[in-house]
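*Asks:* Enclosed is the structure file coords_34.tsv (TSV, C-alpha atoms and all ligand atoms).
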chain	number	residue	atom	x	y	z
A	966	MET	CA	88.48	166.00	82.22
A	967	SER	CA	89.25	162.28	82.03
A	968	ALA	CA	88.61	160.22	78.86
A	969	ASP	CA	85.95	157.52	78.95
A	970	PRO	CA	87.73	154.30	80.01
A	971	ILE	CA	87.93	151.29	77.71
A	972	ARG	CA	85.53	148.63	78.98
A	973	ILE	CA	86.22	144.92	78.62
A	974	GLN	CA	83.77	142.30	79.81
A	975	LEU	CA	85.17	138.87	80.73
A	976	ILE	CA	82.59	136.10	80.59
A	977	ASN	CA	83.19	132.99	82.65
A	978	PRO	CA	80.42	130.68	81.42
A	979	ASN	CA	80.55	128.40	84.47
A	980	THR	CA	78.93	129.39	87.78
A	981	SER	CA	82.11	129.45	89.87
A	982	VAL	CA	82.34	132.83	91.60
A	983	PRO	CA	85.92	132.29	92.92
A	984	MET	CA	87.08	131.41	89.38
A	985	THR	CA	85.32	134.49	87.99
A	986	GLU	CA	87.15	136.63	90.55
A	987	LYS	CA	90.54	135.12	89.58
A	988	ILE	CA	89.74	135.83	85.92
A	989	ARG	CA	88.83	139.43	86.75
A	990	ALA	CA	92.03	139.90	88.75
A	991	THR	CA	94.19	138.70	85.84
A	992	GLY	CA	92.28	140.90	83.42
A	993	GLN	CA	92.75	143.99	85.57
A	994	LEU	CA	96.46	143.23	86.07
A	995	VAL	CA	97.04	142.94	82.31
A	996	ALA	CA	94.86	145.93	81.41
A	997	GLY	CA	96.30	148.21	84.10
A	998	PRO	CA	94.62	151.21	85.69
A	999	GLY	CA	92.28	153.29	83.57
A	1000	VAL	CA	90.69	150.26	81.90
A	1001	SER	CA	87.39	148.99	83.26
A	1002	ILE	CA	87.39	145.20	83.58
A	1003	THR	CA	84.21	143.43	84.58
A	1004	ALA	CA	83.88	139.68	84.98
A	1005	VAL	CA	80.52	137.96	84.95
A	1006	CYS	CA	79.28	134.39	85.32
A	1007	PRO	CA	75.80	132.90	85.07
A	1008	SER	CA	73.81	132.30	88.26
A	1009	LYS	CA	72.46	129.01	86.88
A	1010	GLY	CA	74.02	126.32	84.73
A	1011	PRO	CA	77.06	124.04	84.89
A	1012	SER	CA	79.59	124.68	87.66
A	1013	SER	CA	82.37	123.72	85.25
A	1014	ILE	CA	82.64	123.18	81.50
A	1015	GLU	CA	84.17	119.75	80.90
A	1016	SER	CA	81.80	118.02	78.48
A	1017	HIS	CA	80.19	118.72	75.13
A	1018	THR	CA	76.81	119.11	76.82
A	1019	GLU	CA	78.21	121.73	79.22
A	1020	GLU	CA	79.89	123.39	76.25
A	1021	ILE	CA	76.50	123.97	74.59
A	1022	LEU	CA	75.07	125.43	77.81
A	1023	ALA	CA	78.16	127.60	78.13
A	1024	ALA	CA	77.67	128.91	74.59
A	1025	GLN	CA	74.14	129.98	75.52
A	1026	ALA	CA	75.43	131.73	78.68
A	1027	VAL	CA	78.04	133.61	76.62
A	1028	VAL	CA	75.49	134.92	74.11
A	1029	GLU	CA	73.14	135.90	76.93
A	1030	ALA	CA	75.90	137.73	78.84
A	1031	ILE	CA	76.77	139.77	75.76
A	1032	GLY	CA	73.10	140.58	75.10
A	1033	GLU	CA	72.57	141.64	78.71
A	1034	ALA	CA	75.64	143.88	78.72
A	1035	GLU	CA	74.56	145.53	75.47
A	1036	ARG	CA	70.99	146.08	76.66
A	1037	ALA	CA	72.02	147.49	80.06
A	1038	SER	CA	71.87	151.23	80.59
A	1039	GLY	CA	75.18	153.03	80.30
A	1040	PRO	CA	78.03	152.39	77.90
A	1041	SER	CA	78.38	148.86	76.47
A	1042	PRO	CA	81.66	146.94	76.73
A	1043	ASP	CA	84.16	147.80	73.99
A	1044	ALA	CA	85.20	144.12	73.82
A	1045	HIS	CA	84.27	140.77	75.31
A	1046	VAL	CA	86.41	137.80	76.31
A	1047	ILE	CA	85.07	134.25	76.54
A	1048	ALA	CA	87.02	132.94	79.52
A	1049	CYS	CA	86.67	129.21	78.90
A	1050	PHE	CA	89.14	127.15	76.89
A	1051	GLY	CA	86.54	125.55	74.61
A	1052	ASP	CA	85.76	129.06	73.28
A	1053	PRO	CA	82.05	128.21	73.67
A	1054	GLY	CA	79.74	130.31	71.53
A	1055	LEU	CA	82.53	132.28	69.86
A	1056	ASP	CA	80.93	132.44	66.40
A	1057	ALA	CA	77.48	133.23	67.81
A	1058	ALA	CA	79.02	135.90	70.03
A	1059	ARG	CA	80.61	137.52	66.98
A	1060	GLU	CA	77.18	137.66	65.35
A	1061	THR	CA	75.66	139.16	68.49
A	1062	THR	CA	77.89	142.23	68.70
A	1063	GLY	CA	80.21	144.27	66.56
A	1064	ALA	CA	82.53	144.71	69.55
A	1065	PRO	CA	85.53	142.35	69.27
A	1066	VAL	CA	84.98	139.00	70.99
A	1067	LEU	CA	88.05	136.93	71.86
A	1068	GLY	CA	88.09	133.33	72.98
A	1069	ILE	CA	90.92	132.38	75.33
A	1070	ALA	CA	91.95	129.32	73.31
A	1071	GLU	CA	92.25	131.21	70.03
A	1072	ALA	CA	94.07	134.13	71.68
A	1073	ALA	CA	96.45	131.86	73.60
A	1074	MET	CA	97.40	129.87	70.50
A	1075	HIS	CA	98.12	133.06	68.57
A	1076	ALA	CA	100.19	134.45	71.45
A	1077	ALA	CA	102.13	131.18	71.78
A	1078	THR	CA	103.26	131.31	68.17
A	1079	LEU	CA	104.57	134.86	68.65
A	1080	VAL	CA	107.02	133.77	71.34
A	1081	GLY	CA	108.00	130.24	70.31
A	1082	ARG	CA	107.86	127.63	67.60
A	1083	HIS	CA	106.06	124.68	69.17
A	1084	PHE	CA	103.44	124.73	71.90
A	1085	SER	CA	101.69	122.09	73.94
A	1086	VAL	CA	98.36	122.61	75.63
A	1087	VAL	CA	98.19	121.52	79.28
A	1088	THR	CA	94.57	121.17	80.29
A	1089	THR	CA	92.22	119.64	82.85
A	1090	LEU	CA	90.53	116.34	82.01
A	1091	ASP	CA	91.24	113.83	79.27
A	1092	ARG	CA	87.66	114.20	78.04
A	1093	THR	CA	88.33	117.85	77.07
A	1094	LEU	CA	91.23	116.99	74.75
A	1095	GLY	CA	88.98	116.34	71.74
A	1096	ARG	CA	87.57	119.85	71.89
A	1097	ALA	CA	91.08	121.30	72.26
A	1098	GLU	CA	92.25	119.28	69.24
A	1099	ASP	CA	89.26	120.48	67.20
A	1100	LEU	CA	90.15	124.10	68.05
A	1101	VAL	CA	93.82	123.62	67.09
A	1102	LEU	CA	92.63	122.43	63.66
A	1103	ARG	CA	89.93	125.05	63.35
A	1104	TYR	CA	92.37	127.89	64.09
A	1105	GLY	CA	95.07	126.43	61.83
A	1106	PHE	CA	97.72	125.71	64.48
A	1107	GLU	CA	98.30	122.04	63.64
A	1108	ARG	CA	101.94	122.69	62.68
A	1109	ALA	CA	102.74	124.65	65.84
A	1110	CYS	CA	100.85	122.46	68.30
A	1111	VAL	CA	102.97	119.46	69.26
A	1112	GLY	CA	101.01	118.16	72.22
A	1113	LEU	CA	97.73	118.12	74.09
A	1114	ARG	CA	98.06	116.91	77.67
A	1115	ALA	CA	95.46	116.39	80.37
A	1116	ALA	CA	96.70	116.73	83.95
A	1117	GLU	CA	93.48	115.00	85.11
A	1118	VAL	CA	92.83	117.87	87.52
A	1119	PRO	CA	89.11	118.79	87.37
A	1120	VAL	CA	88.17	122.42	86.72
A	1121	LEU	CA	86.69	122.96	90.19
A	1122	ALA	CA	89.89	121.72	91.86
A	1123	LEU	CA	91.44	124.85	90.35
A	1124	GLU	CA	89.20	127.23	92.30
A	1125	GLU	CA	91.81	127.16	95.07
A	1126	ALA	CA	94.43	124.84	93.61
A	1127	ASP	CA	96.29	122.95	96.36
A	1128	ALA	CA	99.95	121.97	96.23
A	1129	ASP	CA	99.13	118.49	94.84
A	1130	ALA	CA	97.13	119.91	91.93
A	1131	VAL	CA	99.87	122.42	91.13
A	1132	ALA	CA	102.49	119.63	91.27
A	1133	VAL	CA	100.52	117.46	88.81
A	1134	ILE	CA	99.99	120.35	86.38
A	1135	THR	CA	103.67	121.29	86.67
A	1136	GLY	CA	104.56	117.66	85.88
A	1137	SER	CA	102.43	117.78	82.72
A	1138	ALA	CA	104.06	121.03	81.63
A	1139	LEU	CA	107.57	119.69	82.23
A	1140	ALA	CA	106.72	116.52	80.27
A	1141	ALA	CA	105.44	118.68	77.40
A	1142	VAL	CA	108.76	120.56	77.27
A	1143	ARG	CA	110.88	117.38	77.44
A	1144	GLU	CA	108.80	114.86	75.51
A	1145	ASP	CA	106.76	116.96	73.05
A	1146	ARG	CA	109.70	119.37	72.55
A	1147	ALA	CA	107.33	122.27	73.24
A	1148	ASP	CA	109.06	125.60	73.79
A	1149	VAL	CA	105.84	127.29	74.94
A	1150	ILE	CA	103.02	126.00	77.14
A	1151	VAL	CA	99.40	127.03	76.61
A	1152	LEU	CA	97.19	126.71	79.68
A	1153	GLY	CA	94.02	124.83	78.76
A	1154	CYS	CA	91.64	126.24	81.35
A	1155	ALA	CA	90.68	129.72	82.56
A	1156	GLY	CA	90.90	128.36	86.11
A	1157	MET	CA	94.67	128.01	85.64
A	1158	THR	CA	95.07	131.77	85.19
A	1159	ASP	CA	96.78	132.24	88.58
A	1160	LEU	CA	99.29	129.44	87.91
A	1161	CYS	CA	100.94	131.10	84.92
A	1162	GLN	CA	103.90	132.61	86.76
A	1163	THR	CA	104.56	129.50	88.88
A	1164	LEU	CA	104.56	127.28	85.78
A	1165	ALA	CA	106.80	129.65	83.83
A	1166	GLU	CA	109.33	129.55	86.67
A	1167	ALA	CA	109.11	125.75	86.97
A	1168	THR	CA	109.49	125.07	83.23
A	1169	GLY	CA	111.74	127.91	82.11
A	1170	VAL	CA	109.58	128.49	79.01
A	1171	PRO	CA	106.85	131.05	78.29
A	1172	VAL	CA	103.49	129.95	79.66
A	1173	ILE	CA	100.48	131.53	77.99
A	1174	ASP	CA	97.32	132.11	79.95
A	1175	GLY	CA	94.52	132.77	77.49
A	1176	VAL	CA	92.76	135.16	79.87
A	1177	ALA	CA	95.81	137.42	79.93
A	1178	ALA	CA	96.40	137.00	76.18
A	1179	SER	CA	92.77	137.81	75.35
A	1180	VAL	CA	92.68	140.93	77.46
A	1181	GLY	CA	95.93	142.20	75.93
A	1182	MET	CA	94.70	141.51	72.40
A	1183	ALA	CA	91.21	142.89	73.05
A	1184	LEU	CA	92.73	146.09	74.36
A	1185	GLY	CA	94.91	146.32	71.26
A	1186	LEU	CA	91.94	145.87	68.92
A	1187	VAL	CA	89.87	148.45	70.79
A	1188	ARG	CA	92.72	150.96	70.68
A	1189	MET	CA	93.14	150.23	66.97
A	1190	GLY	CA	89.43	150.99	66.51
A	1191	THR	CA	88.93	147.55	64.92
A	1192	ARG	CA	85.58	145.83	65.23
A	1193	THR	CA	84.21	142.47	64.07
A	1194	SER	CA	83.24	142.31	60.42
A	1195	ARG	CA	79.48	142.37	59.95
A	1196	LEU	CA	79.72	141.22	56.34
A	1197	ARG	CA	78.31	137.76	55.55
A	1198	GLU	CA	79.01	135.20	58.30
A	1199	TYR	CA	79.10	137.55	61.28
A	1200	ALA	CA	76.17	139.69	60.16
A	1201	PRO	CA	73.62	140.11	62.99
A	1202	PRO	CA	71.24	137.12	63.18
A	1203	LYS	CA	67.48	137.49	62.77
A	1204	ALA	CA	65.91	139.07	65.87
B	1	LIG	C1	87.38	124.95	81.07
B	1	LIG	C2	87.53	126.34	81.34
B	1	LIG	O1	88.39	127.08	80.86
B	1	LIG	N1	86.55	126.66	82.19
B	1	LIG	C3	85.82	125.55	82.45
B	1	LIG	O2	84.84	125.51	83.21
B	1	LIG	N2	86.36	124.52	81.74
B	1	LIG	N3	88.25	124.27	80.23
B	1	LIG	C4	88.64	122.97	80.38
B	1	LIG	N4	89.45	122.46	79.45
B	1	LIG	O3	88.27	122.28	81.33
Could you express the structure from this file as structure tokens?
Ligand code: 2AL
*Replies:*
Amino acid sequence: MSADPIRIQLINPNTSVPMTEKIRATGQLVAGPGVSITAVCPSKGPSSIESHTEEILAAQAVVEAIGEAERASGPSPDAHVIACFGDPGLDAARETTGAPVLGIAEAAMHAATLVGRHFSVVTTLDRTLGRAEDLVLRYGFERACVGLRAAEVPVLALEEADADAVAVITGSALAAVREDRADVIVLGCAGMTDLCQTLAEATGVPVIDGVAASVGMALGLVRMGTRTSRLREYAPPKA
């Protein structure tokens, strides 16, 4: 008789199917066999999340994906991961379900401080840096975070990143190590999930992919039997 597997749902709030598949593949690799990893994305909505307006739509998609998974027949996910670096809808998601919900930015920043002293975030477009900075402050990593760098590679160019895109992102990561004095790099987009190993080899420092970090941490929380507090702020909202 085999035990019921742990189920983790990864939510990519943009509509890119190739990116969702990359996210699923990372999740399954980190979780290993015997853990059920599903990755979902909305059928309608923004194809990438690179603006505040898209962030709001992404938050809605995240809450809907959690609701749908919980209403579906069969066992609900034991944890959810928001696979977008703005952590869209994270607070609302934690109201929606008692299952742990991890955002890839929050998880990556925590992981970075476990393996180094100073991290820089290497992300997509300049216009996303404000959101990343807000999250650094919100999560309390302003001492550890020494840089926020945009490679100016759009999210959708990461679906199948070509050699030029990888070279530009590698250049940003190397500059972060040399100029910011970062000893860890945090990847600022879920679409960079498959570049983690390449960048670690190129820079010689740990490179944290939030998708991988979130799945590892979600699995830990589920195995610990720890769920989101339902007291006060994260109590279920009115129906
Ligand atoms: C992201 C991300 O992770 N997914 C997406 O569509 N946009 N983040 C970013 N900084 O561009």
*Asks:* Taking all atoms listed in the file into account, list the residues no farther than 7 Å from ligand LIG 1 (chain B), as a list in words.
*Replies:* Asn979, Ser1012, Ser1013, Ile1014, Glu1015, Ala1048, Cys1049, Phe1050, Gly1051, Thr1088, Thr1089, Leu1090, Thr1093, Val1120, Gly1153, Cys1154, Ala1155 and Gly1156 of chain A
*Asks:* Please, what distance in Å, to one decimal, runs between CA of Gln993 in chain A and CA of Ser1179 in chain A?
*Replies:*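 A separation of 11.9 Å between them.
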*Asks:* What's around Ser1016 in chain A at 9 Å? Count all atoms listed in the file, leave out sequence neighbours fewer than 5 positions away in its own chain, and write the answer as a ChimeraX atom specification.
*Replies:* /A:1021,1092-1093,1096
*Asks:* Which residue out of A:Ala1064, A:Ile988, A:Ala1057, A:Val1133 has the minimum interatomic distance to Gly1190 in chain A when all atoms listed in the file are used?
*Replies:*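 Checking each candidate against Gly1190 in chain A, we get A:Ala1064 as the closest.
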*Asks:* Identify the residues within 10 Å of coordinate (80.5, 128.9, 88.0) (same frame as the file), considering only C-alpha atoms, and give the answer as a PDB file with C-alpha atoms, in the coordinates of the input.
*Replies:*
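As a result, selection_25.pdb now contains:
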ATOM      1  CA  ASN A 977      83.190 132.990  82.650  1.00  0.00           C
ATOM      2  CA  PRO A 978      80.420 130.680  81.420  1.00  0.00           C
ATOM      3  CA  ASN A 979      80.550 128.400  84.470  1.00  0.00           C
ATOM      4  CA  THR A 980      78.930 129.390  87.780  1.00  0.00           C
ATOM      5  CA  SER A 981      82.110 129.450  89.870  1.00  0.00           C
ATOM      6  CA  VAL A 982      82.340 132.830  91.600  1.00  0.00           C
ATOM      7  CA  PRO A 983      85.920 132.290  92.920  1.00  0.00           C
ATOM      8  CA  MET A 984      87.080 131.410  89.380  1.00  0.00           C
ATOM      9  CA  THR A 985      85.320 134.490  87.990  1.00  0.00           C
ATOM     10  CA  VAL A1005      80.520 137.960  84.950  1.00  0.00           C
ATOM     11  CA  CYS A1006      79.280 134.390  85.320  1.00  0.00           C
ATOM     12  CA  PRO A1007      75.800 132.900  85.070  1.00  0.00           C
ATOM     13  CA  SER A1008      73.810 132.300  88.260  1.00  0.00           C
ATOM     14  CA  LYS A1009      72.460 129.010  86.880  1.00  0.00           C
ATOM     15  CA  GLY A1010      74.020 126.320  84.730  1.00  0.00           C
ATOM     16  CA  PRO A1011      77.060 124.040  84.890  1.00  0.00           C
ATOM     17  CA  SER A1012      79.590 124.680  87.660  1.00  0.00           C
ATOM     18  CA  SER A1013      82.370 123.720  85.250  1.00  0.00           C
ATOM     19  CA  ILE A1014      82.640 123.180  81.500  1.00  0.00           C
ATOM     20  CA  LEU A1121      86.690 122.960  90.190  1.00  0.00           C
ATOM     21  CA  GLU A1124      89.200 127.230  92.300  1.00  0.00           C
TER      22      GLU A1124
END
